[in-house]
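Shown next: final-v7.txt, given as compact mmCIF, C-alpha atoms.
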```txt
# COMPACT_ATOMS: atom_id res chain seq x y z
CA MET Q 245 -51.94 63.56 14.45
CA GLY Q 246 -52.86 61.26 17.36
CA CYS Q 247 -55.13 59.21 15.11
CA GLY Q 248 -52.33 58.86 12.56
CA ASN Q 249 -49.90 57.57 15.19
CA THR Q 250 -52.52 55.17 16.51
CA PHE Q 251 -53.19 53.85 13.01
CA PHE Q 252 -49.47 53.37 12.35
CA THR Q 253 -49.00 51.53 15.63
CA LEU Q 254 -51.94 49.24 14.87
CA LEU Q 255 -50.59 48.60 11.38
CA VAL Q 256 -47.16 47.59 12.66
CA THR Q 257 -48.68 45.44 15.38
CA PHE Q 258 -50.92 43.70 12.85
CA SER Q 259 -47.98 43.11 10.48
CA VAL Q 260 -45.84 41.52 13.19
CA ALA Q 261 -48.76 39.39 14.36
CA LEU Q 262 -49.41 38.25 10.80
CA ILE Q 263 -45.78 37.25 10.28
CA THR Q 264 -45.75 35.40 13.61
CA TYR Q 265 -48.89 33.54 12.53
CA ASN Q 266 -47.28 32.65 9.18
CA ILE Q 267 -44.12 31.23 10.72
CA ILE Q 268 -46.11 29.16 13.19
CA ILE Q 269 -48.32 27.84 10.38
CA SER Q 270 -45.30 27.17 8.15
CA ALA Q 271 -43.78 25.06 10.91
CA ASN Q 272 -46.82 23.02 11.85
CA ALA Q 273 -45.43 19.77 10.47
CA PRO Q 274 -43.48 17.48 12.80
CA LEU Q 275 -39.96 18.84 13.23
CA LYS Q 276 -36.69 17.03 13.85
CA GLN Q 277 -35.57 17.49 17.41
CA GLU Q 278 -31.88 16.73 16.85
CA LEU Q 279 -29.29 19.45 16.35
CA PRO Q 280 -27.85 20.28 12.93
CA GLY Q 281 -24.45 19.00 11.97
CA PRO Q 282 -22.65 16.13 13.71
CA SER Q 283 -24.69 13.96 16.03
CA ARG Q 284 -24.72 14.95 19.70
CA SER Q 285 -24.99 12.85 22.82
CA SER Q 286 -28.17 14.63 23.84
CA SER Q 287 -30.84 15.82 21.42
CA SER Q 288 -32.11 18.25 24.03
CA LEU Q 289 -28.79 20.16 24.16
CA ARG Q 290 -29.07 23.73 22.88
CA ILE Q 291 -26.12 25.17 21.00
CA SER Q 292 -24.74 28.19 22.84
CA VAL Q 293 -21.50 28.57 20.89
CA ASP Q 294 -20.92 28.12 17.19
CA PRO Q 295 -18.81 25.23 15.93
CA VAL Q 296 -15.62 25.56 13.94
CA ILE Q 297 -15.67 25.05 10.17
CA LYS Q 298 -12.31 23.91 8.79
CA MET Q 299 -10.54 26.21 6.37
CA PRO Q 300 -9.57 24.90 2.91
CA VAL Q 301 -6.02 24.72 1.59
CA ASP Q 302 -6.70 27.11 -1.30
CA ARG Q 303 -8.50 30.31 -0.34
CA SER Q 304 -7.50 32.46 -3.31
CA GLY Q 305 -9.88 35.11 -4.62
CA ARG Q 306 -10.20 38.72 -5.60
CA GLY Q 307 -12.29 41.51 -4.20
CA SER Q 308 -14.00 44.45 -5.83
CA GLY Q 309 -13.13 48.13 -5.97
CA PRO Q 310 -13.93 50.78 -3.39
CA ARG Q 311 -17.07 52.92 -3.15
CA SER Q 312 -17.70 55.69 -5.69
CA LYS Q 313 -19.29 58.17 -3.30
CA LYS Q 314 -20.22 58.62 0.35
CA ARG Q 315 -23.43 56.81 1.31
CA LEU Q 316 -24.08 56.09 4.98
CA PHE Q 317 -25.00 52.63 6.18
CA HIS Q 318 -26.44 51.49 9.52
CA THR Q 319 -24.59 48.66 11.28
CA ALA Q 320 -26.87 46.00 12.76
CA VAL Q 321 -25.77 43.09 14.94
CA THR Q 322 -28.15 40.41 16.19
CA ALA Q 323 -27.45 38.81 19.55
CA SER Q 324 -28.91 36.82 22.39
CA ASP Q 325 -28.54 37.92 26.00
CA SER Q 326 -25.99 35.18 26.74
CA VAL Q 327 -22.68 36.05 28.40
CA TYR Q 328 -20.97 34.80 25.23
CA ASN Q 329 -22.81 37.14 22.85
CA THR Q 330 -22.86 40.07 25.26
CA TRP Q 331 -19.12 40.46 25.85
CA GLN Q 332 -18.48 40.15 22.12
CA CYS Q 333 -21.06 42.87 21.38
CA ARG Q 334 -19.45 45.20 23.92
CA VAL Q 335 -16.02 44.75 22.32
CA MET Q 336 -17.49 45.12 18.84
CA TYR Q 337 -19.32 48.35 19.71
CA TYR Q 338 -16.18 49.83 21.32
CA TRP Q 339 -14.31 49.48 18.03
CA PHE Q 340 -17.31 50.64 15.98
CA LYS Q 341 -17.24 53.93 17.89
CA LYS Q 342 -13.47 54.32 17.41
CA MET Q 343 -13.62 53.72 13.63
CA LYS Q 344 -16.93 55.43 12.83
CA ASP Q 345 -15.57 58.89 12.00
CA GLY Q 346 -12.28 57.82 10.44
CA PRO Q 347 -11.10 58.52 6.88
CA ASN Q 348 -13.33 57.13 4.09
CA SER Q 349 -15.92 55.93 6.60
CA ASP Q 350 -19.54 55.60 5.53
CA MET Q 351 -20.48 54.24 8.94
CA GLY Q 352 -23.70 55.75 10.29
CA GLY Q 353 -25.75 54.47 13.23
CA PHE Q 354 -25.47 51.22 15.14
CA THR Q 355 -28.07 48.82 16.57
CA ARG Q 356 -27.72 45.66 18.56
CA ILE Q 357 -30.85 43.66 17.74
CA LEU Q 358 -31.40 41.73 20.97
CA HIS Q 359 -33.66 38.75 20.26
CA SER Q 360 -34.15 37.71 23.88
CA GLY Q 361 -37.52 39.48 24.02
CA LYS Q 362 -36.56 41.66 26.99
CA PRO Q 363 -34.10 44.46 27.79
CA ASP Q 364 -30.78 43.73 29.51
CA LYS Q 365 -28.42 45.81 31.64
CA HIS Q 366 -26.43 47.09 28.66
CA MET Q 367 -29.22 49.05 26.99
CA ASP Q 368 -27.60 52.37 27.97
CA GLU Q 369 -24.17 51.27 26.78
CA ILE Q 370 -25.14 49.90 23.36
CA PRO Q 371 -27.99 51.22 21.16
CA THR Q 372 -30.40 48.30 21.26
CA PHE Q 373 -33.66 47.17 19.68
CA VAL Q 374 -35.43 44.39 21.58
CA ALA Q 375 -36.92 41.78 19.25
CA GLN Q 376 -39.10 38.83 20.19
CA PRO Q 377 -37.62 35.35 19.79
CA LEU Q 378 -39.33 32.71 17.72
CA PRO Q 379 -42.15 30.83 19.44
CA ALA Q 380 -40.81 28.26 21.90
CA GLY Q 381 -39.39 25.15 20.23
CA LEU Q 382 -39.50 26.50 16.71
CA ASP Q 383 -35.74 26.95 16.48
CA GLN Q 384 -35.18 23.28 17.47
CA GLY Q 385 -32.01 24.23 19.31
CA TYR Q 386 -30.68 26.03 16.22
CA ILE Q 387 -30.73 29.49 17.79
CA VAL Q 388 -29.49 31.19 14.61
CA LEU Q 389 -33.04 30.92 13.23
CA ASN Q 390 -33.89 33.86 15.47
CA ARG Q 391 -31.63 36.10 13.37
CA PRO Q 392 -33.83 36.56 10.26
CA TRP Q 393 -36.97 36.89 12.40
CA ALA Q 394 -35.25 39.58 14.47
CA PHE Q 395 -34.28 41.47 11.32
CA VAL Q 396 -37.87 41.35 10.06
CA GLN Q 397 -39.10 42.97 13.29
CA TRP Q 398 -36.35 45.60 13.34
CA LEU Q 399 -36.85 46.61 9.71
CA GLU Q 400 -40.61 46.96 10.24
CA GLN Q 401 -40.56 48.84 13.52
CA ALA Q 402 -37.34 50.85 13.79
CA ASP Q 403 -36.73 54.33 12.41
CA ILE Q 404 -33.56 53.70 10.39
CA LYS Q 405 -32.15 56.93 8.97
CA GLU Q 406 -29.56 55.45 6.62
CA ASP Q 407 -30.36 54.03 3.17
CA TYR Q 408 -28.05 51.04 3.56
CA ILE Q 409 -27.53 48.32 6.16
CA LEU Q 410 -24.36 46.50 7.19
CA MET Q 411 -25.29 43.16 8.73
CA SER Q 412 -22.48 42.28 11.11
CA GLU Q 413 -21.94 39.87 14.00
CA PRO Q 414 -20.79 40.04 17.63
CA ASP Q 415 -17.45 38.37 16.86
CA HIS Q 416 -16.44 41.05 14.37
CA ILE Q 417 -13.81 43.64 15.26
CA ILE Q 418 -13.64 46.61 12.91
CA VAL Q 419 -9.97 47.32 12.18
CA LYS Q 420 -10.42 50.13 9.65
CA PRO Q 421 -13.20 52.64 8.91
CA ILE Q 422 -15.60 50.89 6.54
CA PRO Q 423 -16.72 52.55 3.28
CA ASN Q 424 -19.98 51.63 1.57
CA LEU Q 425 -18.80 48.88 -0.77
CA SER Q 426 -22.19 48.28 -2.40
CA LYS Q 427 -23.02 49.99 -5.68
CA ASP Q 428 -25.35 49.97 -8.70
CA GLY Q 429 -28.05 47.99 -6.88
CA PHE Q 430 -25.63 45.24 -5.83
CA GLY Q 431 -24.92 44.33 -2.25
CA ALA Q 432 -21.35 43.81 -1.05
CA ALA Q 433 -20.57 40.56 0.73
CA PHE Q 434 -17.72 38.38 1.89
CA PRO Q 435 -17.45 35.08 -0.08
CA PHE Q 436 -17.34 31.97 2.13
CA PHE Q 437 -15.48 28.94 0.78
CA TYR Q 438 -18.00 26.54 2.35
CA ILE Q 439 -21.10 28.06 0.71
CA GLU Q 440 -21.29 26.03 -2.51
CA PRO Q 441 -24.59 26.48 -4.34
CA LYS Q 442 -23.51 24.46 -7.38
CA LYS Q 443 -22.59 21.46 -5.23
CA TYR Q 444 -26.04 21.46 -3.62
CA GLU Q 445 -28.11 22.38 -6.66
CA SER Q 446 -30.56 19.50 -6.26
CA VAL Q 447 -31.32 20.56 -2.68
CA LEU Q 448 -31.47 24.29 -3.41
CA ARG Q 449 -33.91 23.84 -6.29
CA LYS Q 450 -36.59 23.18 -3.66
CA TYR Q 451 -36.29 26.85 -2.68
CA PHE Q 452 -34.91 28.39 -5.87
CA PRO Q 453 -36.80 26.81 -8.76
CA GLU Q 454 -35.42 26.81 -12.30
CA ASP Q 455 -37.69 29.66 -13.41
CA LYS Q 456 -35.72 31.90 -11.03
CA GLY Q 457 -32.61 31.41 -13.14
CA PRO Q 458 -29.36 29.44 -13.01
CA ILE Q 459 -28.10 28.18 -9.67
CA THR Q 460 -25.08 30.45 -10.12
CA ASN Q 461 -27.41 33.37 -9.33
CA ILE Q 462 -27.08 32.25 -5.71
CA ASP Q 463 -23.92 33.89 -4.41
CA PRO Q 464 -21.49 32.01 -2.09
CA ILE Q 465 -22.31 34.26 0.86
CA GLY Q 466 -24.01 34.34 4.21
CA ASN Q 467 -25.89 37.26 5.66
CA SER Q 468 -22.81 38.74 7.29
CA PRO Q 469 -20.85 40.72 6.54
CA VAL Q 470 -23.17 42.15 3.92
CA ILE Q 471 -23.86 45.76 2.97
CA VAL Q 472 -27.19 46.07 1.17
CA GLY Q 473 -29.80 48.71 0.42
CA LYS Q 474 -32.37 49.10 3.18
CA GLU Q 475 -35.35 48.82 0.85
CA ALA Q 476 -33.89 45.69 -0.74
CA LEU Q 477 -33.33 44.13 2.67
CA LYS Q 478 -36.94 44.86 3.67
CA LYS Q 479 -37.96 42.58 0.78
CA ILE Q 480 -35.28 39.97 1.37
CA ALA Q 481 -35.73 39.55 5.14
CA PRO Q 482 -39.20 37.90 5.22
CA THR Q 483 -38.13 35.50 2.46
CA TRP Q 484 -34.90 34.78 4.34
CA MET Q 485 -36.95 33.97 7.43
CA ASN Q 486 -39.43 31.72 5.64
CA VAL Q 487 -36.75 29.89 3.63
CA SER Q 488 -34.73 29.32 6.84
CA LEU Q 489 -37.73 27.73 8.53
CA ALA Q 490 -38.59 25.64 5.48
CA MET Q 491 -35.00 24.42 5.17
CA LYS Q 492 -34.85 23.50 8.84
CA LYS Q 493 -38.11 21.58 8.55
CA ASP Q 494 -36.83 19.51 5.61
CA PRO Q 495 -34.61 16.60 6.78
CA GLU Q 496 -32.59 16.45 3.54
CA THR Q 497 -31.76 20.16 3.61
CA ASP Q 498 -31.11 20.17 7.35
CA LYS Q 499 -28.62 17.32 6.96
CA ALA Q 500 -26.93 18.91 3.93
CA PHE Q 501 -26.37 22.37 5.41
CA GLY Q 502 -26.19 21.84 9.18
CA TRP Q 503 -24.93 24.91 11.05
CA VAL Q 504 -24.71 27.05 7.89
CA LEU Q 505 -28.33 26.45 6.87
CA GLU Q 506 -29.43 29.99 7.65
CA MET Q 507 -26.51 31.37 5.59
CA TYR Q 508 -27.73 29.42 2.57
CA ALA Q 509 -31.23 30.72 3.24
CA TYR Q 510 -30.03 34.32 3.02
CA ALA Q 511 -28.14 33.64 -0.21
CA VAL Q 512 -31.29 32.08 -1.69
CA ALA Q 513 -33.50 34.94 -0.51
CA SER Q 514 -31.16 37.56 -1.95
CA ALA Q 515 -31.08 35.79 -5.32
CA SER Q 516 -34.86 35.29 -5.28
CA HIS Q 517 -35.30 39.08 -5.11
CA GLY Q 518 -32.75 39.69 -7.84
CA VAL Q 519 -30.18 41.23 -5.52
CA GLY Q 520 -26.71 40.18 -6.59
CA ASN Q 521 -23.60 40.83 -4.52
CA ILE Q 522 -20.11 42.12 -5.15
CA LEU Q 523 -17.88 39.45 -3.63
CA TYR Q 524 -15.42 41.50 -1.61
CA LYS Q 525 -12.70 39.25 -0.22
CA ASP Q 526 -10.99 42.12 1.59
CA PHE Q 527 -14.10 42.63 3.73
CA MET Q 528 -12.61 40.56 6.55
CA ILE Q 529 -9.91 38.17 7.70
CA GLN Q 530 -10.26 35.06 9.83
CA PRO Q 531 -7.23 34.33 12.04
CA PRO Q 532 -5.22 32.20 12.36
CA TRP Q 533 -5.52 31.25 8.68
CA ASP Q 534 -5.35 34.81 7.43
CA THR Q 535 -2.11 36.16 8.82
CA GLU Q 536 -1.91 39.80 7.69
CA ILE Q 537 -4.27 42.73 8.17
CA GLY Q 538 -3.34 44.52 4.95
CA THR Q 539 -6.35 46.34 3.52
CA LYS Q 540 -8.90 44.19 5.36
CA LEU Q 541 -11.70 45.91 7.28
CA ILE Q 542 -12.91 43.36 9.85
CA ILE Q 543 -11.35 40.64 11.97
CA HIS Q 544 -13.73 37.71 12.37
CA TYR Q 545 -12.43 35.65 15.28
CA THR Q 546 -14.46 32.53 14.68
CA TYR Q 547 -11.51 30.11 14.78
CA GLY Q 548 -9.44 29.19 17.79
CA CYS Q 549 -5.82 30.39 17.77
CA ASP Q 550 -3.44 27.84 19.31
CA TYR Q 551 0.37 28.13 19.30
CA ASN Q 552 3.34 26.68 21.11
CA MET Q 553 5.85 29.01 22.74
CA LYS Q 554 7.95 28.95 19.56
CA GLY Q 555 5.12 30.72 17.77
CA GLU Q 556 4.14 27.62 15.77
CA LEU Q 557 0.46 26.95 15.02
CA THR Q 558 -0.91 23.84 16.73
CA TYR Q 559 -4.40 24.00 15.23
CA GLY Q 560 -6.56 21.09 16.38
CA LYS Q 561 -4.48 20.77 19.55
CA ILE Q 562 -4.76 23.12 22.53
CA GLY Q 563 -1.66 25.28 22.44
CA GLU Q 564 0.66 26.47 25.17
CA TRP Q 565 -0.75 29.88 24.23
CA ARG Q 566 -4.29 30.19 22.96
CA PHE Q 567 -7.14 32.56 22.30
CA ASP Q 568 -10.50 31.00 21.50
CA LYS Q 569 -13.78 32.82 22.04
CA ARG Q 570 -15.35 29.51 23.06
CA SER Q 571 -13.21 29.57 26.20
CA TYR Q 572 -15.48 32.41 27.34
CA ASP Q 573 -18.90 30.87 26.86
CA ASN Q 574 -20.12 31.50 30.40
CA VAL Q 575 -17.58 34.02 31.67
CA VAL Q 576 -16.16 37.20 30.16
CA PRO Q 577 -12.49 37.22 29.13
CA PRO Q 578 -10.31 38.94 31.74
CA ARG Q 579 -8.58 42.22 31.08
CA ASN Q 580 -4.96 42.09 29.88
CA LEU Q 581 -4.98 38.74 28.15
CA PRO Q 582 -1.39 37.55 27.63
CA LEU Q 583 0.00 38.45 24.21
CA PRO Q 584 1.07 35.65 21.87
CA PRO Q 585 4.70 34.52 21.77
CA ALA Q 586 7.15 35.86 19.20
CA GLY Q 587 6.55 34.59 15.68
CA VAL Q 588 2.73 34.52 15.85
CA PRO Q 589 1.16 36.28 12.83
CA GLU Q 590 0.14 39.94 12.84
CA SER Q 591 -3.57 39.10 12.61
CA VAL Q 592 -3.59 37.14 15.88
CA VAL Q 593 -1.44 39.69 17.73
CA THR Q 594 -3.69 42.52 16.53
CA LEU Q 595 -6.82 40.62 17.57
CA VAL Q 596 -5.61 40.11 21.15
CA LYS Q 597 -4.34 43.69 21.46
CA MET Q 598 -7.71 45.03 20.25
CA VAL Q 599 -9.65 42.83 22.68
CA ASN Q 600 -7.37 44.02 25.48
CA GLU Q 601 -7.80 47.67 24.58
CA ALA Q 602 -11.59 47.32 24.53
CA THR Q 603 -11.85 45.41 27.80
CA GLY Q 604 -9.42 47.84 29.45
CA ASN Q 605 -11.56 50.85 28.54
CA ILE Q 606 -15.13 49.58 28.75
CA PRO Q 607 -16.57 50.63 32.14
CA ASN Q 608 -17.68 47.87 34.52
CA TRP Q 609 -16.05 45.14 32.46
CA GLY Q 610 -16.90 41.77 33.91
CA SER Q 611 -20.03 42.96 35.69
```

Translate the structure of the given file into structure tokens.
Amino acid sequence: MGCGNTFFTLLVTFSVALITYNIIISANAPLKQELPGPSRSSSSLRISVDPVIKMPVDRSGRGSGPRSKKRLFHTAVTASDSVYNTWQCRVMYYWFKKMKDGPNSDMGGFTRILHSGKPDKHMDEIPTFVAQPLPAGLDQGYIVLNRPWAFVQWLEQADIKEDYILMSEPDHIIVKPIPNLSKDGFGAAFPFFYIEPKKYESVLRKYFPEDKGPITNIDPIGNSPVIVGKEALKKIAPTWMNVSLAMKKDPETDKAFGWVLEMYAYAVASASHGVGNILYKDFMIQPPWDTEIGTKLIIHYTYGCDYNMKGELTYGKIGEWRFDKRSYDNVVPPRNLPLPPAGVPESVVTLVKMVNEATGNIPNWGS
């Protein structure tokens, strides 16, 4: 028995070492040192908060039907050890625990995949797997590249009981128990308006050649929120990692995709392994543009919410009342944030109330 455990440990260690070697070799060409997206005043600046992507005027779309039977999935959230990521993870995990055993839930275990390479003080509060970051400099200031590499390590080394994985993010608040929306070998994913494979076909063909099929095989998704079979994700993740690195190394692709490069990489990797996705628009809402909770399952608070005291949206201008996660980059939000004025949509009111409930009940908040 001891020999078997030793062999397994050596095998895992060798696999991780081999992948690390491959990503270093794949990145041995000179790399751009500027940040993705709009030009910055300093090329040495590292992005610590994610930028805002403008919403389109028309966001119409239809989702898919509910699950056919109960199948547990494991929720996984990647994060750094920054103040910004940490407070969001604590709020997210609070609501995960409250919704886990609700009606129609297929929610199983939970893991925060911490890609700082070392434990932090919240290991006892949140179930956590410590992953190693990419070798120094390889992310070029685009810290999101650590996400696929962290998933590769977790999938190889962790004992995951469930047969499905929900890839989620720190700035997600679960508002209803989540059923397993995937079925018949398809993943379930939220469609993003700004992921447009057809528009960037010439660029994407570098990573998804014509013998893989039509460009429409690449779904307009990122890696989150996505529910996908565990065994499928074990195949997708290394490809996702390698495609992300290759895209970042290519100036044309880097310029085309900017901050969402790693999202395109996941969509390409999923299609490359023949894993299509049910596009489930009711997976989440994004205030302030989505105004009602309805049947939605997750609030994604990626956009700032700015209003005057009449309850009118002042997007693009700091409001008399505001909630924006980027206001809490280096400090945690205080307990009892002021509620929005009358007339502000349900989605924004619910978001602030849920943040307040979490911060009011999480022990040692702010420490």

(request) Name all residues at most 7 Å from segment 349-354 of chain Q (count all atoms listed in the file; drop same-chain ones fewer than 4 positions away) and give them as a PyMOL selection string. (result) chain Q and resi 314-320+344-345+371+406+421-424

(request) Go through Q:Lys405, Q:Lys420, Q:Lys525, Q:Lys499 and flag the residue nearest Glu475 of chain Q, using all atoms listed in the file for the distances. (result)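 That would be Q:Lys405, the residue with the smallest distance to Glu475 of chain Q.
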
(message) Within 12 Å of (-8.2, 47.6, 8.0) (file coordinates; only C-alpha atoms), which protein or nucleic acid residues are there? I'd like them as an NGL selection string.
(response) :Q and (339 or 343 or 346-349 or 417-423 or 526-529 or 536-543 or 591 or 594-595)

(request) Rank nothing, just name the residue among Q:Arg566, Q:Lys554, Q:Lys479, Q:Arg579 nearest to Val593 of chain Q, using all atoms listed in the file. (result) Q:Arg566

(request) Point out the residue among Q:Asn486, Q:Thr372, Q:Gln530, Q:Gln401 with the least atom-to-atom distance to Phe436 of chain Q, counting all atoms listed in the file. (result) Q:Gln530

(message) So the first atom is atom CA of Pro377 of chain Q and the second is atom CA of Pro363 of chain Q; what is the distance between them in Å, to one decimal place?
(response)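 Spanning atom CA of Pro377 of chain Q to atom CA of Pro363 of chain Q is a straight-line distance of 12.6 Å.
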
(request) Find the residue from Q:Ala432, Q:Met507, Q:Met336, Q:Leu583 that sits nearest to Val470 of chain Q; use all atoms listed in the file when measuring. (result)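 The answer is Q:Ala432, which sits nearest to Val470 of chain Q.
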
(request) Could you tell me which of Q:Asp325, Q:Glu601, Q:Glu413, Q:Asp498 comes closest to Tyr545 of chain Q if we count all atoms listed in the file? (result) Q:Glu413

For segment 351-442 of chain Q against segment 455-465 of chain Q, with a cut-off of 8 Å and counting all atoms listed in the file, what is the closest atom pair and its distance in Å to one decimal for every residue that makes the cut, ordered by chain and number, as a tab-separated table?
```
residue	atom	partner	partner_atom	distance
Q:Ala433	CA	Q:Ile465	CA	6.5
Q:Phe434	CA	Q:Ile465	CA	6.3
Q:Pro435	CA	Q:Ile465	CA	5.0
Q:Phe436	CA	Q:Ile465	CA	5.6
Q:Phe437	CA	Q:Pro464	CA	7.3
Q:Tyr438	CA	Q:Pro464	CA	7.9
Q:Ile439	CA	Q:Pro464	CA	4.9
Q:Glu440	CA	Q:Pro464	CA	6.0
Q:Pro441	CA	Q:Ile462	CA	6.4
Q:Lys442	CA	Q:Ile459	CA	6.3
```

(request) Compare Q:Ser324, Q:Glu556, Q:Arg334, Q:Leu448 by their minimum atom-to-atom distance to Val487 of chain Q, counting only C-alpha atoms, and give me the closest one. (result)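 Residue with the minimum atom-to-atom distance to Val487 of chain Q: Q:Leu448.
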
(request) Figure out the distance between atom CA of Trp533 of chain Q and atom CA of Val335 of chain Q, please, to one decimal in Å. (result)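 Interatomic distance here is 21.9 Å.
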
How big is the axis-aligned box, and where does its centre sit, when it encloses all atoms of segment 495-509 of chain Q listed in the file and has 3 Å added on every side, reported in Å to one decimal as lines of an AutoDock Vina configuration file?
```
center_x = -29.7
center_y = 23.9
center_z = 6.8
size_x = 15.9
size_y = 20.9
size_z = 14.5
```

(request) Between atom CA of Trp331 of chain Q and atom CA of Pro469 of chain Q, measure the distance and give it in Å to one decimal. (result)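 Here the two named atoms are 19.4 Å from each other.
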
(message) I want to know what sits within 8 Å of Trp565 of chain Q, based on only C-alpha atoms, with residues of the same chain fewer than 6 positions away left out; could you give that as a ChimeraX atom specification?
(response) /Q:550-553,584-585

Go ahead and dump the residues you just picked, C-alpha atoms, as a PDB file, in the coordinates of the input.
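And here's selection30.pdb as it stands now:
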```
ATOM      1  CA  ASP Q 550      -3.440  27.840  19.310  1.00  0.00           C
ATOM      2  CA  TYR Q 551       0.370  28.130  19.300  1.00  0.00           C
ATOM      3  CA  ASN Q 552       3.340  26.680  21.110  1.00  0.00           C
ATOM      4  CA  MET Q 553       5.850  29.010  22.740  1.00  0.00           C
ATOM      5  CA  PRO Q 584       1.070  35.650  21.870  1.00  0.00           C
ATOM      6  CA  PRO Q 585       4.700  34.520  21.770  1.00  0.00           C
TER       7      PRO Q 585
END
```

Please reconstruct the missing atoms of segment 544-558 of chain Q (target: N, CA and C atoms) and return them as a tab-separated table (two decimals), in the frame of the given file.
```tsv
chain	number	residue	atom	x	y	z
Q	544	HIS	N	-12.69	38.64	11.93
Q	544	HIS	CA	-13.73	37.71	12.37
Q	544	HIS	C	-13.03	36.60	13.16
Q	545	TYR	N	-13.18	36.60	14.47
Q	545	TYR	CA	-12.43	35.65	15.28
Q	545	TYR	C	-13.26	34.41	15.59
Q	546	THR	N	-13.64	33.73	14.54
Q	546	THR	CA	-14.46	32.53	14.68
Q	546	THR	C	-13.64	31.28	14.96
Q	547	TYR	N	-12.35	31.28	14.59
Q	547	TYR	CA	-11.51	30.11	14.78
Q	547	TYR	C	-10.63	30.26	16.01
Q	548	GLY	N	-10.36	29.15	16.68
Q	548	GLY	CA	-9.44	29.19	17.79
Q	548	GLY	C	-8.01	29.40	17.32
Q	549	CYS	N	-7.22	30.11	18.10
Q	549	CYS	CA	-5.82	30.39	17.77
Q	549	CYS	C	-4.94	29.70	18.80
Q	550	ASP	N	-4.27	28.64	18.40
Q	550	ASP	CA	-3.44	27.84	19.31
Q	550	ASP	C	-2.01	27.78	18.80
Q	551	TYR	N	-1.05	28.11	19.67
Q	551	TYR	CA	0.37	28.13	19.30
Q	551	TYR	C	1.21	27.57	20.43
Q	552	ASN	N	2.37	27.00	20.07
Q	552	ASN	CA	3.34	26.68	21.11
Q	552	ASN	C	4.19	27.92	21.38
Q	553	MET	N	5.09	27.83	22.33
Q	553	MET	CA	5.85	29.01	22.74
Q	553	MET	C	6.93	29.39	21.73
Q	554	LYS	N	7.07	28.58	20.67
Q	554	LYS	CA	7.95	28.95	19.56
Q	554	LYS	C	7.20	29.74	18.49
Q	555	GLY	N	5.92	29.98	18.74
Q	555	GLY	CA	5.12	30.72	17.77
Q	555	GLY	C	4.61	29.87	16.63
Q	556	GLU	N	4.59	28.55	16.81
Q	556	GLU	CA	4.14	27.62	15.77
Q	556	GLU	C	2.67	27.25	16.01
Q	557	LEU	N	1.88	27.28	14.94
Q	557	LEU	CA	0.46	26.95	15.02
Q	557	LEU	C	0.27	25.49	15.37
Q	558	THR	N	-0.59	25.23	16.33
Q	558	THR	CA	-0.91	23.84	16.73
Q	558	THR	C	-2.40	23.59	16.54
```
